[in-house]
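Enquirer: Take a look at input.cif, mmCIF, C-alpha atoms:
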data_run
loop_
_atom_site.label_atom_id
_atom_site.label_comp_id
_atom_site.auth_asym_id
_atom_site.auth_seq_id
_atom_site.Cartn_x
_atom_site.Cartn_y
_atom_site.Cartn_z
CA MET U 600 10.94 -11.36 21.25
CA ASN U 601 10.60 -7.79 22.41
CA ASP U 602 8.32 -6.02 19.92
CA LYS U 603 9.64 -2.63 21.01
CA PHE U 604 13.14 -3.67 20.00
CA LEU U 605 11.91 -4.67 16.53
CA GLU U 606 10.02 -1.39 16.16
CA LYS U 607 13.15 0.55 17.12
CA LEU U 608 15.23 -1.55 14.72
CA ARG U 609 12.82 -0.99 11.81
CA GLU U 610 12.90 2.75 12.48
CA LYS U 611 16.71 2.70 12.46
CA VAL U 612 16.73 0.73 9.22
CA LEU U 613 14.26 2.89 7.23
CA PRO U 614 16.68 5.67 6.18
CA TYR U 615 18.89 3.10 4.42
CA PHE U 616 16.07 2.44 1.94
CA GLU U 617 15.16 6.00 1.06
CA LYS U 618 17.22 6.13 -2.13
CA CYS U 619 16.59 2.54 -3.19
CA ASN U 620 14.98 1.51 -6.46
CA PRO U 621 11.27 0.62 -5.86
CA ALA U 622 12.11 -3.07 -6.49
CA HIS U 623 14.41 -2.98 -3.44
CA ASP U 624 12.66 -0.52 -1.15
CA VAL U 625 11.64 -1.33 2.41
CA SER U 626 8.50 -3.15 1.19
CA HIS U 627 10.81 -5.86 -0.20
CA THR U 628 12.31 -6.17 3.29
CA ASP U 629 8.83 -6.43 4.84
CA ARG U 630 7.79 -9.14 2.36
CA VAL U 631 10.99 -11.10 2.99
CA LEU U 632 10.30 -10.83 6.72
CA ASN U 633 6.77 -12.27 6.31
CA LEU U 634 8.01 -15.13 4.15
CA ALA U 635 10.97 -15.88 6.42
CA LEU U 636 8.63 -16.16 9.41
CA LYS U 637 6.25 -18.51 7.55
CA ILE U 638 9.13 -20.78 6.54
CA GLY U 639 10.80 -20.38 9.92
CA GLU U 640 7.70 -21.65 11.73
CA LYS U 641 7.64 -24.78 9.58
CA GLU U 642 11.36 -25.38 10.08
CA ASN U 643 11.36 -24.68 13.84
CA ALA U 644 13.97 -22.00 13.27
CA ASP U 645 14.95 -19.18 15.64
CA LEU U 646 12.30 -16.60 14.69
CA GLU U 647 14.03 -13.76 16.53
CA ILE U 648 17.24 -14.21 14.51
CA LEU U 649 15.10 -14.41 11.35
CA GLU U 650 13.22 -11.21 12.13
CA VAL U 651 16.35 -9.22 12.91
CA ALA U 652 18.26 -10.62 9.92
CA SER U 653 15.35 -9.99 7.53
CA LEU U 654 15.02 -6.36 8.62
CA LEU U 655 18.74 -5.79 8.14
CA HIS U 656 19.55 -7.95 5.10
CA ASP U 657 19.43 -5.17 2.49
CA VAL U 658 20.71 -2.16 4.45
CA ALA U 659 23.72 -1.94 2.13
CA ARG U 660 21.74 -2.40 -1.09
CA HIS U 661 21.98 1.31 -1.95
CA GLU U 662 25.74 1.20 -1.43
CA GLN U 663 25.99 -1.66 -3.94
CA ASP U 664 23.80 0.24 -6.43
CA ASP U 665 25.68 3.54 -5.95
CA SER U 666 29.02 1.79 -6.42
CA LYS U 667 27.71 0.00 -9.53
CA GLY U 668 28.36 -3.35 -7.90
CA ALA U 669 31.87 -2.65 -6.56
CA ILE U 670 30.55 -3.00 -3.01
CA CYS U 671 28.86 -6.34 -2.21
CA HIS U 672 25.67 -5.55 -0.28
CA ALA U 673 25.76 -8.87 1.58
CA GLU U 674 29.31 -8.38 2.87
CA ARG U 675 28.85 -4.67 3.62
CA GLY U 676 25.39 -5.39 5.04
CA GLY U 677 26.97 -7.74 7.58
CA GLU U 678 29.30 -4.95 8.75
CA LEU U 679 26.51 -2.39 8.98
CA ALA U 680 24.25 -4.87 10.83
CA ARG U 681 27.00 -5.48 13.39
CA GLU U 682 27.37 -1.72 13.97
CA ILE U 683 23.61 -1.10 14.22
CA LEU U 684 22.98 -4.02 16.58
CA LYS U 685 25.93 -3.10 18.85
CA GLU U 686 24.49 0.40 19.14
CA LEU U 687 21.22 -1.17 20.27
CA ASN U 688 23.08 -3.35 22.81
CA TYR U 689 21.98 -6.58 21.14
CA ALA U 690 23.62 -9.73 22.56
CA GLU U 691 27.01 -10.53 20.98
CA ASP U 692 26.25 -14.21 20.20
CA LYS U 693 22.97 -13.30 18.51
CA ILE U 694 24.69 -10.58 16.47
CA GLU U 695 27.01 -13.18 14.95
CA LYS U 696 24.06 -15.42 14.03
CA VAL U 697 22.33 -12.49 12.32
CA VAL U 698 25.52 -11.42 10.52
CA HIS U 699 26.00 -14.95 9.14
CA CYS U 700 22.48 -14.80 7.62
CA ILE U 701 23.12 -11.42 6.01
CA GLU U 702 26.61 -12.21 4.71
CA THR U 703 25.42 -15.37 3.00
CA HIS U 704 22.01 -14.31 1.64
CA ARG U 705 23.69 -13.50 -1.66
CA PHE U 706 25.00 -16.93 -2.57
CA ARG U 707 28.69 -17.12 -3.39
CA LYS U 708 30.92 -20.17 -3.52
CA ASP U 709 33.17 -18.93 -0.73
CA ASN U 710 30.39 -17.99 1.64
CA SER U 711 27.26 -20.11 1.63
CA PRO U 712 24.38 -20.25 4.14
CA GLU U 713 25.10 -22.80 6.90
CA SER U 714 22.53 -22.21 9.66
CA ILE U 715 18.85 -22.96 9.07
CA GLU U 716 18.08 -19.25 9.60
CA ALA U 717 20.58 -18.28 6.87
CA LYS U 718 19.06 -20.82 4.50
CA ILE U 719 15.57 -19.47 5.21
CA LEU U 720 16.59 -15.84 4.65
CA TYR U 721 18.21 -16.89 1.37
CA ASP U 722 15.01 -18.65 0.26
CA ALA U 723 12.68 -15.83 1.39
CA ASP U 724 14.77 -13.25 -0.46
CA LYS U 725 14.79 -15.26 -3.70
CA LEU U 726 11.05 -16.03 -3.40
CA ASP U 727 10.26 -12.32 -3.50
CA GLY U 728 11.77 -12.29 -7.00
CA ILE U 729 9.23 -14.75 -8.39
CA GLY U 730 5.44 -15.22 -8.42
CA ALA U 731 3.07 -12.28 -8.95
CA ILE U 732 5.23 -9.96 -6.85
CA GLY U 733 8.33 -11.03 -8.81
CA ILE U 734 6.48 -10.18 -12.01
CA GLY U 735 5.52 -6.78 -10.60
CA ARG U 736 9.07 -6.03 -9.44
CA SER U 737 10.53 -7.12 -12.75
CA PHE U 738 8.14 -5.00 -14.88
CA SER U 739 8.70 -2.05 -12.55
CA PHE U 740 12.48 -2.42 -12.81
CA ALA U 741 12.18 -2.75 -16.60
CA GLY U 742 10.30 0.57 -16.56
CA THR U 743 13.07 2.30 -14.60
CA SER U 744 15.70 1.03 -17.05
CA GLY U 745 13.87 1.96 -20.27
CA ALA U 746 13.19 -1.65 -21.28
CA ALA U 747 10.24 -2.65 -23.46
CA VAL U 748 7.03 -3.85 -21.78
CA HIS U 749 6.90 -7.17 -23.63
CA ILE U 750 8.63 -8.80 -26.59
CA ALA U 751 7.01 -12.18 -27.31
CA GLU U 752 9.93 -13.22 -29.58
CA VAL U 753 12.68 -11.79 -27.35
CA ASP U 754 16.24 -12.90 -28.14
CA VAL U 755 17.38 -14.81 -25.04
CA ASP U 756 20.86 -15.36 -26.47
CA ASN U 757 21.62 -11.65 -26.57
CA THR U 758 23.31 -11.30 -23.21
CA GLU U 759 24.02 -7.62 -23.93
CA ALA U 760 20.29 -6.79 -24.36
CA TYR U 761 19.65 -3.34 -22.99
CA GLY U 762 16.92 -0.70 -23.22
CA LYS U 763 14.30 -1.41 -25.86
CA GLU U 764 15.79 -4.84 -26.69
CA ASP U 765 15.30 -5.98 -23.12
CA CYS U 766 12.07 -6.79 -21.27
CA CYS U 767 10.67 -8.56 -18.22
CA TYR U 768 9.96 -11.71 -20.28
CA ARG U 769 13.68 -11.99 -21.10
CA GLU U 770 14.50 -11.69 -17.38
CA PHE U 771 12.00 -14.50 -16.76
CA LEU U 772 13.39 -16.81 -19.47
CA VAL U 773 17.03 -16.21 -18.56
CA LYS U 774 16.97 -15.86 -14.78
CA LEU U 775 13.66 -16.20 -12.94
CA VAL U 776 12.89 -19.71 -14.30
CA LYS U 777 15.97 -21.03 -12.48
CA ILE U 778 15.11 -19.77 -9.01
CA LYS U 779 12.87 -22.73 -8.09
CA ASP U 780 15.90 -25.04 -8.39
CA LYS U 781 18.03 -22.97 -6.02
CA MET U 782 15.95 -23.19 -2.87
CA LEU U 783 17.69 -24.47 0.26
CA THR U 784 14.71 -25.50 2.42
CA GLU U 785 11.76 -27.78 1.68
CA PRO U 786 9.07 -25.13 2.44
CA GLY U 787 11.05 -22.72 0.25
CA ARG U 788 11.00 -25.27 -2.57
CA GLU U 789 7.24 -25.68 -2.22
CA PHE U 790 6.59 -21.93 -2.30
CA ALA U 791 8.94 -21.61 -5.28
CA ARG U 792 7.32 -24.39 -7.30
CA GLU U 793 3.88 -22.81 -6.88
CA ARG U 794 5.13 -19.29 -7.69
CA HIS U 795 7.04 -20.64 -10.68
CA GLU U 796 3.90 -22.27 -12.09
CA PHE U 797 2.06 -18.98 -11.80
CA MET U 798 4.80 -17.17 -13.75
CA VAL U 799 4.69 -19.79 -16.51
CA GLU U 800 0.90 -19.28 -16.77
CA PHE U 801 1.28 -15.50 -16.71
CA PHE U 802 3.74 -15.36 -19.61
CA ASP U 803 1.83 -17.97 -21.58
CA ARG U 804 -1.22 -15.80 -21.13
CA ILE U 805 0.51 -12.54 -22.05
CA ASN U 806 1.76 -14.12 -25.30
CA LYS U 807 -1.79 -15.18 -26.17
CA GLU U 808 -3.10 -11.69 -25.38
CA VAL U 809 -0.42 -10.11 -27.58
CA ARG U 810 -1.59 -12.27 -30.48
CA GLY U 811 -5.19 -11.18 -29.82
CA GLU U 812 -6.24 -14.68 -28.72
CA LEU U 813 -7.37 -13.70 -25.22
CA MET C 661 -5.81 -5.39 -48.83
CA ASN C 662 -2.42 -4.67 -50.32
CA ASP C 663 0.18 -5.94 -47.84
CA LYS C 664 2.87 -3.74 -49.40
CA PHE C 665 0.81 -0.66 -48.59
CA LEU C 666 0.53 -1.76 -44.94
CA GLU C 667 4.26 -2.44 -44.78
CA LYS C 668 4.98 1.02 -46.20
CA LEU C 669 2.52 2.56 -43.76
CA ARG C 670 4.08 0.81 -40.75
CA GLU C 671 7.51 2.02 -41.83
CA LYS C 672 6.21 5.56 -42.12
CA VAL C 673 4.60 5.34 -38.69
CA LEU C 674 7.60 3.92 -36.76
CA PRO C 675 9.50 7.22 -36.21
CA TYR C 676 6.49 8.67 -34.36
CA PHE C 677 6.99 6.09 -31.61
CA GLU C 678 10.70 6.46 -31.05
CA LYS C 679 10.39 8.80 -28.09
CA CYS C 680 7.29 7.18 -26.59
CA ASN C 681 7.11 5.71 -23.11
CA PRO C 682 7.45 1.85 -23.32
CA ALA C 683 3.75 1.54 -22.37
CA HIS C 684 2.84 3.39 -25.57
CA ASP C 685 5.55 2.29 -27.97
CA VAL C 686 4.84 0.66 -31.33
CA SER C 687 4.27 -2.74 -29.68
CA HIS C 688 1.06 -1.28 -28.18
CA THR C 689 0.00 -0.37 -31.72
CA ASP C 690 0.79 -3.90 -32.95
CA ARG C 691 -1.22 -5.45 -30.11
CA VAL C 692 -4.17 -3.15 -30.77
CA LEU C 693 -3.97 -4.13 -34.45
CA ASN C 694 -4.13 -7.86 -33.60
CA LEU C 695 -7.07 -7.38 -31.26
CA ALA C 696 -8.94 -5.09 -33.65
CA LEU C 697 -8.66 -7.71 -36.40
CA LYS C 698 -9.93 -10.50 -34.12
CA ILE C 699 -12.93 -8.41 -33.07
CA GLY C 700 -13.37 -7.09 -36.62
CA GLU C 701 -13.69 -10.61 -38.04
CA LYS C 702 -16.42 -11.43 -35.54
CA GLU C 703 -18.26 -8.20 -36.27
CA ASN C 704 -17.90 -8.38 -40.08
CA ALA C 705 -16.20 -4.99 -40.01
CA ASP C 706 -14.05 -3.45 -42.75
CA LEU C 707 -10.68 -4.98 -41.86
CA GLU C 708 -8.72 -2.66 -44.14
CA ILE C 709 -10.03 0.43 -42.34
CA LEU C 710 -9.28 -1.28 -39.02
CA GLU C 711 -5.71 -2.12 -40.00
CA VAL C 712 -4.92 1.37 -41.24
CA ALA C 713 -6.64 3.07 -38.27
CA SER C 714 -4.90 0.80 -35.73
CA LEU C 715 -1.46 1.52 -37.19
CA LEU C 716 -2.11 5.26 -37.07
CA HIS C 717 -4.18 5.67 -33.91
CA ASP C 718 -1.34 6.74 -31.61
CA VAL C 719 0.94 8.71 -33.98
CA ALA C 720 0.32 11.85 -31.94
CA ARG C 721 0.79 10.21 -28.54
CA HIS C 722 4.27 11.70 -28.11
CA GLU C 723 2.88 15.17 -28.92
CA GLN C 724 0.30 14.75 -26.14
CA ASP C 725 3.00 13.59 -23.71
CA ASP C 726 5.45 16.35 -24.69
CA SER C 727 2.73 19.00 -24.31
CA LYS C 728 1.71 17.54 -20.93
CA GLY C 729 -1.79 16.90 -22.23
CA ALA C 730 -2.38 20.28 -23.92
CA ILE C 731 -2.54 18.52 -27.30
CA CYS C 732 -5.19 15.76 -27.58
CA HIS C 733 -3.54 12.80 -29.31
CA ALA C 734 -6.84 11.62 -30.82
CA GLU C 735 -7.64 14.96 -32.45
CA ARG C 736 -4.06 15.64 -33.55
CA GLY C 737 -3.70 11.98 -34.58
CA GLY C 738 -6.63 12.44 -36.98
CA GLU C 739 -4.86 15.39 -38.63
CA LEU C 740 -1.55 13.54 -38.92
CA ALA C 741 -3.27 10.43 -40.30
CA ARG C 742 -4.97 12.52 -42.99
CA GLU C 743 -1.59 14.01 -44.01
CA ILE C 744 0.21 10.66 -44.02
CA LEU C 745 -2.50 8.85 -45.98
CA LYS C 746 -2.78 11.65 -48.57
CA GLU C 747 0.96 11.42 -49.15
CA LEU C 748 0.48 7.70 -49.83
CA ASN C 749 -2.40 8.47 -52.24
CA TYR C 750 -4.92 6.58 -50.13
CA ALA C 751 -8.55 6.95 -51.33
CA GLU C 752 -10.29 10.05 -49.95
CA ASP C 753 -13.45 8.24 -48.72
CA LYS C 754 -11.37 5.65 -46.87
CA ILE C 755 -9.23 8.37 -45.29
CA GLU C 756 -12.33 9.89 -43.70
CA LYS C 757 -13.39 6.51 -42.28
CA VAL C 758 -9.93 6.03 -40.78
CA VAL C 759 -9.84 9.55 -39.37
CA HIS C 760 -13.20 9.02 -37.65
CA CYS C 761 -11.80 5.95 -35.88
CA ILE C 762 -8.70 7.81 -34.72
CA GLU C 763 -10.49 10.99 -33.62
CA THR C 764 -12.95 9.04 -31.47
CA HIS C 765 -10.72 6.32 -29.98
CA ARG C 766 -10.26 8.54 -26.93
CA PHE C 767 -13.84 8.76 -25.75
CA ARG C 768 -15.18 12.27 -25.20
CA LYS C 769 -18.78 13.40 -24.95
CA ASP C 770 -18.59 15.60 -28.04
CA ASN C 771 -16.97 13.02 -30.26
CA SER C 772 -17.91 9.40 -29.76
CA PRO C 773 -17.30 6.36 -32.02
CA GLU C 774 -20.15 5.92 -34.51
CA SER C 775 -18.95 3.39 -37.10
CA ILE C 776 -18.39 -0.24 -36.13
CA GLU C 777 -14.69 0.17 -37.00
CA ALA C 778 -14.39 3.13 -34.61
CA LYS C 779 -16.09 1.15 -31.85
CA ILE C 780 -13.73 -1.77 -32.44
CA LEU C 781 -10.61 0.41 -32.37
CA TYR C 782 -11.88 1.95 -29.14
CA ASP C 783 -12.38 -1.50 -27.57
CA ALA C 784 -9.05 -2.90 -28.81
CA ASP C 785 -7.16 0.10 -27.43
CA LYS C 786 -8.82 -0.16 -24.01
CA LEU C 787 -8.33 -3.95 -23.90
CA ASP C 788 -4.56 -3.50 -24.15
CA GLY C 789 -4.77 -1.68 -20.82
CA ILE C 790 -6.13 -4.71 -18.97
CA GLY C 791 -5.32 -8.42 -18.58
CA ALA C 792 -1.73 -9.64 -18.19
CA ILE C 793 -0.43 -7.09 -20.69
CA GLY C 794 -2.31 -4.30 -18.89
CA ILE C 795 -0.65 -5.42 -15.65
CA GLY C 796 2.77 -5.39 -17.36
CA ARG C 797 2.19 -1.94 -18.87
CA SER C 798 0.95 -0.55 -15.58
CA PHE C 799 3.90 -1.87 -13.51
CA SER C 800 6.31 -0.67 -16.19
CA PHE C 801 4.73 2.79 -16.20
CA ALA C 802 4.81 2.83 -12.39
CA GLY C 803 8.55 2.12 -12.65
CA THR C 804 9.12 5.07 -14.99
CA SER C 805 7.24 7.41 -12.63
CA GLY C 806 8.99 6.35 -9.41
CA ALA C 807 5.89 4.66 -7.95
CA ALA C 808 6.10 1.80 -5.44
CA VAL C 809 5.90 -1.78 -6.72
CA HIS C 810 2.96 -2.76 -4.51
CA ILE C 811 1.08 -1.32 -1.53
CA ALA C 812 -1.50 -3.84 -0.32
CA GLU C 813 -3.26 -1.17 1.80
CA VAL C 814 -2.99 1.62 -0.77
CA ASP C 815 -5.16 4.70 -0.17
CA VAL C 816 -7.58 4.81 -3.11
CA ASP C 817 -9.14 8.05 -1.90
CA ASN C 818 -5.89 9.97 -2.27
CA THR C 819 -6.38 11.31 -5.78
CA GLU C 820 -3.09 13.22 -5.51
CA ALA C 821 -1.06 10.04 -4.89
CA TYR C 822 2.29 10.38 -6.58
CA GLY C 823 5.69 8.70 -6.45
CA LYS C 824 6.11 6.31 -3.54
CA GLU C 825 2.46 6.69 -2.45
CA ASP C 826 1.26 5.47 -5.83
CA CYS C 827 1.42 1.96 -7.31
CA CYS C 828 -0.03 -0.27 -10.02
CA TYR C 829 -2.59 -1.71 -7.57
CA ARG C 830 -4.03 1.78 -7.03
CA GLU C 831 -4.30 2.23 -10.81
CA PHE C 832 -6.14 -1.09 -10.91
CA LEU C 833 -8.57 -0.22 -8.09
CA VAL C 834 -9.29 3.29 -9.35
CA LYS C 835 -9.23 2.93 -13.13
CA LEU C 836 -8.61 -0.49 -14.66
CA VAL C 837 -11.53 -2.20 -12.86
CA LYS C 838 -13.94 0.07 -14.77
CA ILE C 839 -12.75 -0.72 -18.28
CA LYS C 840 -14.87 -3.88 -18.67
CA ASP C 841 -18.02 -1.74 -18.37
CA LYS C 842 -16.97 0.66 -21.11
CA MET C 843 -16.72 -1.73 -24.04
CA LEU C 844 -18.75 -0.84 -27.14
CA THR C 845 -18.90 -4.21 -28.93
CA GLU C 846 -20.01 -7.63 -27.70
CA PRO C 847 -16.68 -9.40 -28.54
CA GLY C 848 -14.91 -6.52 -26.79
CA ARG C 849 -17.06 -7.06 -23.72
CA GLU C 850 -16.24 -10.79 -23.71
CA PHE C 851 -12.48 -10.17 -23.99
CA ALA C 852 -12.73 -7.53 -21.27
CA ARG C 853 -14.65 -9.73 -18.83
CA GLU C 854 -12.06 -12.49 -19.14
CA ARG C 855 -9.11 -10.11 -18.82
CA HIS C 856 -10.78 -8.41 -15.87
CA GLU C 857 -11.16 -11.73 -14.05
CA PHE C 858 -7.47 -12.41 -14.54
CA MET C 859 -6.53 -9.04 -13.04
CA VAL C 860 -8.74 -9.69 -10.00
CA GLU C 861 -6.98 -13.06 -9.50
CA PHE C 862 -3.55 -11.49 -10.01
CA PHE C 863 -4.01 -8.81 -7.35
CA ASP C 864 -5.70 -11.22 -4.95
CA ARG C 865 -2.67 -13.44 -5.39
CA ILE C 866 -0.10 -10.66 -4.97
CA ASN C 867 -1.75 -9.64 -1.69
CA LYS C 868 -1.50 -13.22 -0.43
CA GLU C 869 2.15 -13.42 -1.49
CA VAL C 870 2.92 -10.15 0.31
CA ARG C 871 1.52 -11.63 3.52
CA GLY C 872 3.69 -14.73 3.02
CA GLU C 873 0.66 -16.97 2.40
CA LEU C 874 1.67 -18.11 -1.08
#
Please re-express this file's structure in structure tokens.
Expert:
Amino acid sequence: MNDKFLEKLREKVLPYFEKCNPAHDVSHTDRVLNLALKIGEKENADLEILEVASLLHDVARHEQDDSKGAICHAERGGELAREILKELNYAEDKIEKVVHCIETHRFRKDNSPESIEAKILYDADKLDGIGAIGIGRSFSFAGTSGAAVHIAEVDVDNTEAYGKEDCCYREFLVKLVKIKDKMLTEPGREFARERHEFMVEFFDRINKEVRGEL
Amino acid sequence: MNDKFLEKLREKVLPYFEKCNPAHDVSHTDRVLNLALKIGEKENADLEILEVASLLHDVARHEQDDSKGAICHAERGGELAREILKELNYAEDKIEKVVHCIETHRFRKDNSPESIEAKILYDADKLDGIGAIGIGRSFSFAGTSGAAVHIAEVDVDNTEAYGKEDCCYREFLVKLVKIKDKMLTEPGREFARERHEFMVEFFDRINKEVRGEL
């Protein structure tokens, strides 16, 4: 693939991330790109489609955040990607492959990833939510939303937990533990299992530290 | 020690933490208390003085934050502790032992911890800044200050780094790595070495994840 095209694309994409929360800034996109390529190599996927789709997958994230969820960033991201790629004279058939990846990277019943590239982007995106980087993103996001740092005895049944009643550990127990079972590719599953184990160790450790045992 | 007195003291202390940043809320105080007791048992220290000093050590933290550092929370904390303990009719000689711990828990050349209880409080407070909980506190604080989640190639020489140029990894490389060498008790040093090793592993791991290697 033409590196100059990718450079130009990344430059065009950057402004879309300026107002994003640190957990969804352009570094998330770069990490997803690295992971997607690693999985893509193992799965003999189309690496060009993966690179372009990874760079563009969250361009509408700020629109979703600004609209408090009324706009779906996957759906809107597909539209924006089509516009951006047409402007760059990208081939029509490739555009549709990229758009399919972006539209389906946020899993919904009516629109699930079909191509191997879409499945890989889905896995890479979810993988960045777990492991050490997932822990970092989750603590950082907790900080931006006024949540506590850590509550060893957090109430997982309180689905309305907000502010000081909420914490990264709750996010782990309620949501992040499930990610390993949602992977769509075998390399994705392997990455997820290993990252999951690390999170389990991390929170086991933090609970021991809190009790003064470590 | 009279548990009812400690309960009453904790209740009296709680309002001082209401406006604190999550990294310095009352859970930090509780963790420092647990650690101080574990170290105190090993060092045959006066556990009552340690408990009272731990509960009170950060009562002036919000005054330091509100004054943007003009007020020293250790010095002011000593004054507040004296007032609070007098109100509770705590013995005069014990009050002075507690105040010494609080005044010196923020190390300064002109006022360093002399008693074993002061050294233990100092160590316990610093230990809560490292290990898994130190990582959590640092990412959370980074979130509240608009810092990036992670920059693998962060510029450690940029002492003015702020907002998106700053991140938890920079805090680790510049500040947290040094804590293990500042401990004042042998149990503190042991805890710190182990927690330090975990942080080294954590950031080594996060850098591998960012490159898509894990």
Enquirer: So that each row is one residue of chain C with an atom at most 7 Å from chain U, can you give its shortest atom pair and the distance in Å to one decimal, using only C-alpha atoms, rows by chain and rising number, as a Markdown table?
Expert:
| residue | atom | partner | partner_atom | distance |
| --- | --- | --- | --- | --- |
| C:Pro682 | CA | U:Ala747 | CA | 5.3 |
| C:Ala683 | CA | U:Val748 | CA | 6.3 |
| C:Arg691 | CA | U:Val809 | CA | 5.4 |
| C:Asn694 | CA | U:Gly811 | CA | 5.1 |
| C:Leu695 | CA | U:Gly811 | CA | 4.5 |
| C:Lys698 | CA | U:Gly811 | CA | 6.4 |
| C:Ala792 | CA | U:Ile805 | CA | 5.3 |
| C:Ile793 | CA | U:Ile805 | CA | 5.7 |
| C:Gly796 | CA | U:Phe738 | CA | 5.9 |
| C:Arg797 | CA | U:Val748 | CA | 6.0 |
| C:Phe799 | CA | U:Ser739 | CA | 4.9 |
| C:Ser800 | CA | U:Gly742 | CA | 4.2 |
| C:Phe801 | CA | U:Gly742 | CA | 6.0 |
| C:Ala802 | CA | U:Ser739 | CA | 6.2 |
| C:Gly803 | CA | U:Ser739 | CA | 4.2 |
| C:Thr804 | CA | U:Thr743 | CA | 4.8 |
| C:Ala808 | CA | U:Pro621 | CA | 5.3 |
| C:Val809 | CA | U:Pro621 | CA | 5.9 |
| C:Phe851 | CA | U:Leu813 | CA | 6.3 |
| C:Phe862 | CA | U:Ala731 | CA | 6.8 |
| C:Arg865 | CA | U:Ala731 | CA | 6.9 |
| C:Ile866 | CA | U:Ala731 | CA | 5.3 |
| C:Val870 | CA | U:Arg630 | CA | 5.4 |
| C:Arg871 | CA | U:Asn633 | CA | 6.0 |
| C:Gly872 | CA | U:Leu634 | CA | 4.5 |
| C:Leu874 | CA | U:Phe790 | CA | 6.3 |
Enquirer: What is the atom CA of C:Asp718 to atom CA of C:Glu703 distance in Å?
Expert: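 Between atom CA of C:Asp718 and atom CA of C:Glu703 the gap works out to 23.0 Å.
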Enquirer: Applied to this file, what does the PyMOL selection byres ((chain C and resi 664-672) around 8) return in terms of residues, put as a VMD selection string?
Expert: chain C and resid 662 to 663 673 to 675 711 to 712 715
Enquirer: Just to confirm, what's the straight-line distance from atom CA of U:Ala717 to atom CA of U:Glu686 in Å (one decimal)?
Expert: 22.7 Å
Enquirer: Report as JSON, numbers by chain all protein, DNA and RNA residues lying within 9 Å of U:Lys725, evaluated on only C-alpha atoms, omitting residues in the same chain fewer than 5 positions from it.
Expert: {"U": [631, 720, 778, 779, 781, 782, 791]}
Enquirer: Which of these residues is nearest to U:Phe706, using all atoms listed in the file: U:Asp692, U:Asp724, U:Asp645, U:Asp754?
Expert: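 Among the listed residues, U:Asp724 lies closest to U:Phe706.
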Enquirer: Determine the nearest neighbour of U:Arg705 from the options U:Met798, U:Leu679, U:Ala673, U:Val658, counting all atoms listed in the file.
Expert: U:Ala673
Enquirer: Identify, on the basis of only C-alpha atoms, every residue whose closest approach to C:Pro773 does not exceed 9 Å; exclude the query and any residue fewer than 3 positions from it along the same chain; express the result as a list in words.
Expert: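 Residues near the query, excluding close chain neighbours: His760, Cys761, Glu763, Thr764, His765, Arg766, Phe767, Ile776, Glu777, Ala778, Lys779, Ile780, Leu781, Tyr782 and Leu844 of chain C.
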Enquirer: So what do you get for atom CA of U:His656 versus atom CA of U:Ile701, distance-wise?
Expert: 5.1 Å
Enquirer: Since the input lacks atoms, please generate N, CA and C atoms for stretch 681-691 of chain U and provide them as a PDB file, in the coordinates of the input.
Expert:
ATOM      1  N   ARG U 681      26.231  -5.341  12.138  1.00  0.00           N
ATOM      2  CA  ARG U 681      27.000  -5.480  13.390  1.00  0.00           C
ATOM      3  C   ARG U 681      27.036  -4.132  14.124  1.00  0.00           C
ATOM      4  N   GLU U 682      27.320  -3.076  13.379  1.00  0.00           N
ATOM      5  CA  GLU U 682      27.370  -1.720  13.970  1.00  0.00           C
ATOM      6  C   GLU U 682      26.015  -1.327  14.582  1.00  0.00           C
ATOM      7  N   ILE U 683      24.964  -1.508  13.782  1.00  0.00           N
ATOM      8  CA  ILE U 683      23.610  -1.100  14.220  1.00  0.00           C
ATOM      9  C   ILE U 683      23.188  -1.878  15.463  1.00  0.00           C
ATOM     10  N   LEU U 684      23.435  -3.183  15.457  1.00  0.00           N
ATOM     11  CA  LEU U 684      22.980  -4.020  16.580  1.00  0.00           C
ATOM     12  C   LEU U 684      23.810  -3.756  17.844  1.00  0.00           C
ATOM     13  N   LYS U 685      25.095  -3.447  17.677  1.00  0.00           N
ATOM     14  CA  LYS U 685      25.930  -3.100  18.850  1.00  0.00           C
ATOM     15  C   LYS U 685      25.403  -1.835  19.494  1.00  0.00           C
ATOM     16  N   GLU U 686      25.066  -0.861  18.640  1.00  0.00           N
ATOM     17  CA  GLU U 686      24.490   0.400  19.140  1.00  0.00           C
ATOM     18  C   GLU U 686      23.233   0.157  19.963  1.00  0.00           C
ATOM     19  N   LEU U 687      22.474  -0.857  19.565  1.00  0.00           N
ATOM     20  CA  LEU U 687      21.220  -1.170  20.270  1.00  0.00           C
ATOM     21  C   LEU U 687      21.428  -2.169  21.412  1.00  0.00           C
ATOM     22  N   ASN U 688      22.723  -2.421  21.724  1.00  0.00           N
ATOM     23  CA  ASN U 688      23.080  -3.350  22.810  1.00  0.00           C
ATOM     24  C   ASN U 688      22.503  -4.748  22.644  1.00  0.00           C
ATOM     25  N   TYR U 689      22.469  -5.216  21.429  1.00  0.00           N
ATOM     26  CA  TYR U 689      21.980  -6.580  21.140  1.00  0.00           C
ATOM     27  C   TYR U 689      23.073  -7.575  21.546  1.00  0.00           C
ATOM     28  N   ALA U 690      22.663  -8.744  22.029  1.00  0.00           N
ATOM     29  CA  ALA U 690      23.620  -9.730  22.560  1.00  0.00           C
ATOM     30  C   ALA U 690      24.629 -10.175  21.492  1.00  0.00           C
ATOM     31  N   GLU U 691      25.892 -10.243  21.902  1.00  0.00           N
ATOM     32  CA  GLU U 691      27.010 -10.530  20.980  1.00  0.00           C
ATOM     33  C   GLU U 691      26.815 -11.844  20.204  1.00  0.00           C
TER      34      GLU U 691
END
